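Peer 1: See start38.pdb below, with PDB, C-alpha atoms.
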```pdb
MODEL        1
ATOM      1  CA  MET A   1      96.867   8.675 -51.347
ATOM      2  CA  LYS A   2      98.127   5.346 -50.053
ATOM      3  CA  GLY A   3      97.950   2.158 -52.108
ATOM      4  CA  GLU A   4      97.452   1.642 -55.838
ATOM      5  CA  HIS A   5      94.315   2.932 -57.515
ATOM      6  CA  GLN A   6      93.114   2.880 -61.111
ATOM      7  CA  PHE A   7      92.783   6.265 -62.763
ATOM      8  CA  VAL A   8      92.422   7.753 -66.228
ATOM      9  CA  ALA A   9      95.066  10.239 -67.424
ATOM     10  CA  TYR A  10      93.893  12.652 -70.118
ATOM     11  CA  LYS A  11      95.954  14.860 -72.424
ATOM     12  CA  TYR A  12      93.397  17.672 -72.220
ATOM     13  CA  ASP A  13      92.552  17.399 -68.525
ATOM     14  CA  CYS A  14      91.033  20.621 -67.161
ATOM     15  CA  GLU A  15      93.569  20.583 -64.297
ATOM     16  CA  GLU A  16      97.267  21.237 -64.862
ATOM     17  CA  HIS A  17      98.329  18.380 -62.600
ATOM     18  CA  GLY A  18      96.122  16.020 -64.655
ATOM     19  CA  ARG A  19      97.869  17.015 -67.875
ATOM     20  CA  GLU A  20     101.236  16.638 -66.127
ATOM     21  CA  ILE A  21     100.360  13.088 -65.016
ATOM     22  CA  TRP A  22      99.378  12.255 -68.612
ATOM     23  CA  LYS A  23     102.772  13.461 -69.886
ATOM     24  CA  ARG A  24     104.575  11.391 -67.255
ATOM     25  CA  CYS A  25     102.534   8.311 -68.165
ATOM     26  CA  VAL A  26     103.220   8.506 -71.907
ATOM     27  CA  SER A  27     106.917   9.234 -71.273
ATOM     28  CA  GLY A  28     107.209   5.813 -69.641
ATOM     29  CA  GLU A  29     108.022   7.112 -66.161
ATOM     30  CA  PHE A  30     105.604   4.635 -64.582
ATOM     31  CA  GLY A  31     106.396   1.704 -66.849
ATOM     32  CA  LEU A  32     103.781   0.035 -69.008
ATOM     33  CA  VAL A  33     100.514   1.958 -69.022
ATOM     34  CA  LYS A  34      97.315   0.347 -70.209
ATOM     35  CA  ALA A  35      95.633   2.068 -73.143
ATOM     36  CA  TYR A  36      92.220   3.507 -72.370
ATOM     37  CA  ASP A  37      89.356   1.230 -73.358
ATOM     38  CA  PRO A  38      85.883   2.793 -73.056
ATOM     39  CA  GLU A  39      84.338  -0.679 -72.799
ATOM     40  CA  ASP A  40      86.543  -1.460 -69.818
ATOM     41  CA  GLY A  41      86.152   1.896 -68.127
ATOM     42  CA  ILE A  42      84.636   2.628 -64.775
ATOM     43  CA  GLN A  43      80.939   1.880 -64.863
ATOM     44  CA  LEU A  44      79.010   4.714 -63.283
ATOM     45  CA  ASN A  45      75.634   4.397 -61.647
ATOM     46  CA  MET A  46      73.851   7.380 -63.137
ATOM     47  CA  GLU A  47      70.966   7.201 -60.674
ATOM     48  CA  THR A  48      71.125  10.213 -58.383
ATOM     49  CA  PRO A  49      70.245   9.228 -54.831
ATOM     50  CA  GLU A  50      67.532  11.313 -53.243
ATOM     51  CA  ILE A  51      68.811  13.394 -50.354
ATOM     52  CA  PRO A  52      66.601  13.141 -47.251
ATOM     53  CA  GLU A  53      64.801  16.402 -46.538
ATOM     54  CA  GLU A  54      66.554  16.862 -43.205
ATOM     55  CA  TYR A  55      69.938  16.779 -44.980
ATOM     56  CA  ALA A  56      69.055  19.050 -47.941
ATOM     57  CA  GLU A  57      70.422  22.264 -46.400
ATOM     58  CA  PHE A  58      73.525  20.442 -45.198
ATOM     59  CA  SER A  59      74.137  19.145 -48.732
ATOM     60  CA  MET A  60      73.935  22.686 -50.140
ATOM     61  CA  PHE A  61      76.385  23.858 -47.490
ATOM     62  CA  ILE A  62      78.862  21.132 -48.492
ATOM     63  CA  ASN A  63      78.632  22.297 -52.112
ATOM     64  CA  LYS A  64      79.381  25.874 -51.045
ATOM     65  CA  VAL A  65      82.332  25.003 -48.825
ATOM     66  CA  ASN A  66      83.733  22.778 -51.585
ATOM     67  CA  GLU A  67      83.601  25.760 -53.969
ATOM     68  CA  GLU A  68      85.653  27.838 -51.538
ATOM     69  CA  ASN A  69      88.026  24.936 -50.928
ATOM     70  CA  ALA A  70      88.630  24.528 -54.663
ATOM     71  CA  LYS A  71      89.474  28.246 -54.888
ATOM     72  CA  LYS A  72      91.874  27.832 -51.939
ATOM     73  CA  SER A  73      89.936  30.510 -50.053
ATOM     74  CA  PHE A  74      91.003  28.967 -46.786
ATOM     75  CA  LEU A  75      89.941  31.853 -44.530
ATOM     76  CA  SER A  76      86.454  31.553 -45.999
ATOM     77  CA  VAL A  77      86.554  27.769 -45.568
ATOM     78  CA  GLY A  78      87.563  28.145 -41.927
ATOM     79  CA  MET A  79      84.792  30.643 -41.199
ATOM     80  CA  LEU A  80      82.158  28.572 -42.996
ATOM     81  CA  TRP A  81      83.076  25.406 -41.135
ATOM     82  CA  THR A  82      83.255  27.150 -37.754
ATOM     83  CA  SER A  83      79.809  28.660 -38.249
ATOM     84  CA  LYS A  84      78.301  25.360 -39.412
ATOM     85  CA  LEU A  85      79.875  23.296 -36.637
ATOM     86  CA  ASP A  86      78.678  25.802 -34.020
ATOM     87  CA  PHE A  87      75.169  25.561 -35.474
ATOM     88  CA  LEU A  88      75.219  21.755 -35.525
ATOM     89  CA  VAL A  89      76.514  21.437 -31.956
ATOM     90  CA  SER A  90      73.891  23.968 -30.791
ATOM     91  CA  GLU A  91      71.187  22.006 -32.610
ATOM     92  CA  LEU A  92      72.341  18.793 -30.939
ATOM     93  CA  LEU A  93      72.159  20.396 -27.492
ATOM     94  CA  GLU A  94      68.745  21.938 -28.178
ATOM     95  CA  THR A  95      67.410  18.546 -29.249
ATOM     96  CA  TYR A  96      68.856  16.946 -26.121
ATOM     97  CA  PHE A  97      67.235  19.610 -23.908
ATOM     98  CA  ILE A  98      63.831  18.864 -25.423
ATOM     99  CA  LYS A  99      64.215  15.340 -24.101
ATOM    100  CA  TYR A 100      65.922  16.347 -20.849
ATOM    101  CA  PRO A 101      64.732  19.909 -20.044
ATOM    102  CA  GLU A 102      66.096  19.701 -16.499
ATOM    103  CA  SER A 103      69.618  19.658 -17.946
ATOM    104  CA  LYS A 104      69.210  22.857 -19.948
ATOM    105  CA  LYS A 105      71.953  25.457 -19.599
ATOM    106  CA  ASN A 106      73.319  28.249 -21.751
ATOM    107  CA  PHE A 107      76.773  27.832 -23.243
ATOM    108  CA  ARG A 108      78.541  30.811 -24.760
ATOM    109  CA  THR A 109      81.365  29.376 -26.855
ATOM    110  CA  LEU A 110      81.696  26.443 -29.230
ATOM    111  CA  HIS A 111      84.364  25.049 -26.904
ATOM    112  CA  ASP A 112      81.899  25.074 -23.981
ATOM    113  CA  LYS A 113      79.169  23.523 -26.127
ATOM    114  CA  VAL A 114      81.414  20.659 -27.228
ATOM    115  CA  ASN A 115      82.476  20.022 -23.625
ATOM    116  CA  ALA A 116      78.805  19.942 -22.610
ATOM    117  CA  CYS A 117      78.048  17.404 -25.347
ATOM    118  CA  VAL A 118      80.852  15.213 -24.018
ATOM    119  CA  ASP A 119      79.523  15.560 -20.455
ATOM    120  CA  PHE A 120      76.030  14.592 -21.637
ATOM    121  CA  LYS A 121      77.504  11.573 -23.498
ATOM    122  CA  LEU A 122      76.320  12.982 -26.816
ATOM    123  CA  LEU A 123      79.842  13.142 -28.229
ATOM    124  CA  THR A 124      82.978  11.185 -27.434
ATOM    125  CA  ASN A 125      86.195  12.510 -25.973
ATOM    126  CA  SER A 126      87.869  11.840 -29.327
ATOM    127  CA  MET A 127      85.465  14.365 -30.854
ATOM    128  CA  LYS A 128      86.553  16.901 -28.237
ATOM    129  CA  ILE A 129      90.181  16.281 -29.204
ATOM    130  CA  ARG A 130      89.252  16.773 -32.871
ATOM    131  CA  PHE A 131      87.579  20.098 -32.051
ATOM    132  CA  ASP A 132      90.590  21.235 -30.022
ATOM    133  CA  ASN A 133      92.803  20.776 -33.077
ATOM    134  CA  LEU A 134      90.252  22.298 -35.454
ATOM    135  CA  ARG A 135      90.089  25.352 -33.205
ATOM    136  CA  VAL A 136      93.855  25.848 -33.433
ATOM    137  CA  VAL A 137      93.706  25.818 -37.247
ATOM    138  CA  ARG A 138      90.629  28.046 -37.365
ATOM    139  CA  ASN A 139      92.227  30.637 -35.069
ATOM    140  CA  LYS A 140      95.372  30.712 -37.189
ATOM    141  CA  LEU A 141      93.266  31.287 -40.315
ATOM    142  CA  ALA A 142      91.236  34.017 -38.634
ATOM    143  CA  HIS A 143      94.023  35.991 -36.993
ATOM    144  CA  GLU A 144      97.200  35.497 -39.018
ATOM    145  CA  TRP A 145      97.740  36.505 -42.633
ATOM    146  CA  ASN A 146     101.109  34.859 -43.327
ATOM    147  CA  ILE A 147     100.363  31.251 -42.452
ATOM    148  CA  SER A 148     102.979  28.559 -43.005
ATOM    149  CA  LEU A 149     104.037  25.213 -41.614
ATOM    150  CA  ASP A 150     106.913  26.979 -39.884
ATOM    151  CA  ASP A 151     104.279  27.608 -37.211
ATOM    152  CA  ALA A 152     104.853  24.590 -34.964
ATOM    153  CA  LYS A 153     101.453  24.828 -33.279
ATOM    154  CA  LEU A 154      99.600  24.901 -36.608
ATOM    155  CA  LYS A 155     101.634  22.015 -38.000
ATOM    156  CA  GLU A 156     101.047  19.960 -34.851
ATOM    157  CA  ALA A 157      97.279  20.526 -35.012
ATOM    158  CA  LEU A 158      97.132  19.526 -38.689
ATOM    159  CA  HIS A 159      99.271  16.464 -38.018
ATOM    160  CA  ASN A 160      97.007  15.477 -35.118
ATOM    161  CA  LEU A 161      93.967  15.711 -37.403
ATOM    162  CA  TYR A 162      95.804  13.648 -40.005
ATOM    163  CA  LEU A 163      96.566  10.910 -37.465
ATOM    164  CA  GLN A 164      93.029  10.912 -36.105
ATOM    165  CA  ASP A 165      91.086  10.922 -39.364
ATOM    166  CA  HIS A 166      93.224  10.385 -42.457
ATOM    167  CA  ALA A 167      96.317   8.275 -41.794
ATOM    168  CA  GLU A 168      94.817   5.119 -43.315
ATOM    169  CA  LEU A 169      94.176   6.839 -46.640
ATOM    170  CA  PHE A 170      96.750   9.600 -47.166
ATOM    171  CA  GLU A 171     100.427  10.224 -46.661
ATOM    172  CA  PHE A 172     101.198  13.308 -44.569
ATOM    173  CA  LEU A 173     102.455  15.855 -47.086
ATOM    174  CA  GLU A 174     104.048  19.027 -45.775
ATOM    175  CA  ASP A 175     102.086  21.084 -48.280
ATOM    176  CA  ILE A 176      99.860  23.658 -46.638
ATOM    177  CA  ASP A 177      97.293  23.723 -49.469
ATOM    178  CA  PHE A 178      96.911  19.942 -49.272
ATOM    179  CA  LEU A 179      96.640  20.041 -45.485
ATOM    180  CA  PHE A 180      93.924  22.707 -45.523
ATOM    181  CA  GLN A 181      91.983  21.217 -48.439
ATOM    182  CA  MET A 182      92.119  17.543 -47.501
ATOM    183  CA  ILE A 183      92.989  17.269 -43.809
ATOM    184  CA  PHE A 184      91.387  20.302 -42.147
ATOM    185  CA  SER A 185      88.267  20.299 -44.334
ATOM    186  CA  GLY A 186      88.022  16.523 -44.191
ATOM    187  CA  SER A 187      88.075  16.522 -40.396
ATOM    188  CA  CYS A 188      85.502  19.325 -40.283
ATOM    189  CA  CYS A 189      83.247  17.298 -42.563
ATOM    190  CA  LYS A 190      83.665  14.149 -40.484
ATOM    191  CA  ALA A 191      82.762  16.066 -37.327
ATOM    192  CA  ALA A 192      79.755  17.690 -39.001
ATOM    193  CA  ILE A 193      78.328  14.432 -40.351
ATOM    194  CA  THR A 194      78.784  12.669 -37.005
ATOM    195  CA  ILE A 195      77.002  15.473 -35.135
ATOM    196  CA  LYS A 196      74.209  15.768 -37.710
ATOM    197  CA  ASP A 197      73.582  12.014 -37.599
ATOM    198  CA  LYS A 198      73.516  12.092 -33.786
ATOM    199  CA  THR A 199      70.955  14.897 -33.811
ATOM    200  CA  GLU A 200      68.692  13.139 -36.298
ATOM    201  CA  ALA A 201      68.893   9.907 -34.271
ATOM    202  CA  LEU A 202      68.013  11.815 -31.095
ATOM    203  CA  LYS A 203      65.028  13.434 -32.815
ATOM    204  CA  GLN A 204      63.677   9.963 -33.537
ATOM    205  CA  GLU A 205      63.566   9.329 -29.786
ATOM    206  CA  LEU A 206      61.361  12.351 -29.062
TER     207      LEU A 206
ENDMDL
END
```
Could you take the file, read its structure, and then write that structure out as structure tokens?
Peer 2:
Amino acid sequence: MKGEHQFVAYKYDCEEHGREIWKRCVSGEFGLVKAYDPEDGIQLNMETPEIPEEYAEFSMFINKVNEENAKKSFLSVGMLWTSKLDFLVSELLETYFIKYPESKKNFRTLHDKVNACVDFKLLTNSMKIRFDNLRVVRNKLAHEWNISLDDAKLKEALHNLYLQDHAELFEFLEDIDFLFQMIFSGSCCKAAITIKDKTEALKQEL
């Protein structure tokens, strides 16, 4: 992650990398480290925001895909996101056709559906580019068992997603777990939220 950010290092962190960071902090690797002060800690707003009804199922899906992501079940993550994105794009088109029934057509593939959304001005060309790169990653996950960044096409697609969606926040790390967990999944989530919001806005016009 780019920039400097406050964090709490804990000797008994549940994650190995958290315990490793704690050891590096107390060893003096990062210079002077401020002692933890509970009174000066991060103040959390314990109020849980209410999720709008129309987003409840989507919220449960995010929880499920995050579980698979945490387990590094990347084939499962790829299949879950592909299915959800296909559903969301189909829902967007169906909502549009309610308003403009004369435009209704049948589209077989997710690629065709995304292109139709661009033609109907429902999605931008940058979204199409995002989907093109997501499709490359998804196909690699679905059809190849020994995936690595030695695959130039896969690496290029992940780097394109990084540049489009994540370059302001993260450094590009040539670590395939990081790229699947943070870059691929992050871009899928950004696409999904954008499409869901567009659909809900369109429903308000009906």
Peer 1: Mind pulling up the distance from CA of Phe74 (chain A) to CA of Ile21 (chain A)?
Peer 2: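 Separating CA of Ile21 (chain A) from CA of Phe74 (chain A) is a distance of 25.9 Å.
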Peer 1: Using CA of Cys117 (chain A) and CA of Glu205 (chain A) as the two end points, give the distance in Å to one decimal.
Peer 2: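 About the pair CA of Cys117 (chain A) and CA of Glu205 (chain A): they are 17.2 Å apart.
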Peer 1: If the PyMOL selection byres ((chain A and resi 149-162) around 9) is run on the structure shown, which residues does it catch, given as JSON, numbers by chain?
Peer 2: {"A": [130, 132, 133, 134, 135, 136, 137, 140, 147, 148, 163, 164, 165, 166, 167, 170, 171, 172, 174, 175, 176, 179, 180, 183, 184, 187]}
Peer 1: Compare A:Leu110, A:Lys71, A:Thr95, A:Thr82 by their minimum atom-to-atom distance to Thr199 (chain A), counting only C-alpha atoms, and give me the closest one.
Peer 2: A:Thr95
Peer 1: I'd like to know which of A:Asn115, A:Ser27, A:Asn139, A:Ser83 is closest to Phe61 (chain A), using only C-alpha atoms.
Peer 2: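 Among A:Asn115, A:Ser27, A:Asn139, A:Ser83, it is A:Ser83 that comes nearest to Phe61 (chain A).
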Peer 1: Which one of A:Asn69, A:Glu16, A:Lys104, A:Met79 sits closest to Leu141 (chain A) if you count all atoms listed in the file?
Peer 2: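 Result for the nearest residue to Leu141 (chain A): A:Met79.
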Peer 1: Show me the residues around (70.3, 18.7, -30.0) - criterion: an atom at most 12 Å away, only C-alpha atoms counted - as a ChimeraX atom specification.
Peer 2: /A:86-101,104,113-114,116-117,120,122-123,195-206
Peer 1: Tell me, in Å to one decimal, how far CA of Leu85 (chain A) is from CA of Phe131 (chain A).
Peer 2: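 For CA of Leu85 (chain A) relative to CA of Phe131 (chain A), the distance reads 9.5 Å.
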Peer 1: Restricting the calculation to all atoms listed in the file, which member of A:Phe58, A:Asp177, A:Lys190, A:Met182 is positioned closest to Ser73 (chain A)?
Peer 2: A:Asp177
Peer 1: Given 4 Å of margin on each side, can you work out the centre and size in Å (one decimal) of an axis-aligned box holding every listed atom of region 81-85 of chain A, as AutoDock Vina command-line options?
Peer 2:
```
--center_x 80.8 --center_y 26.0 --center_z -38.9 --size_x 13.0 --size_y 13.4 --size_z 12.5
```
Peer 1: Return the single residue from A:Gln181, A:Asn146, A:Ser59, A:Thr194 that is closest to Val77 (chain A), with distances computed using only C-alpha atoms.
Peer 2: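 Smallest separation from Val77 (chain A) among the options: A:Gln181.
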Peer 1: I'd like to know which of A:Gly78, A:Leu169, A:Leu32, A:Lys84 is closest to Met60 (chain A), using only C-alpha atoms.
Peer 2: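 The closest residue to Met60 (chain A) is A:Lys84.
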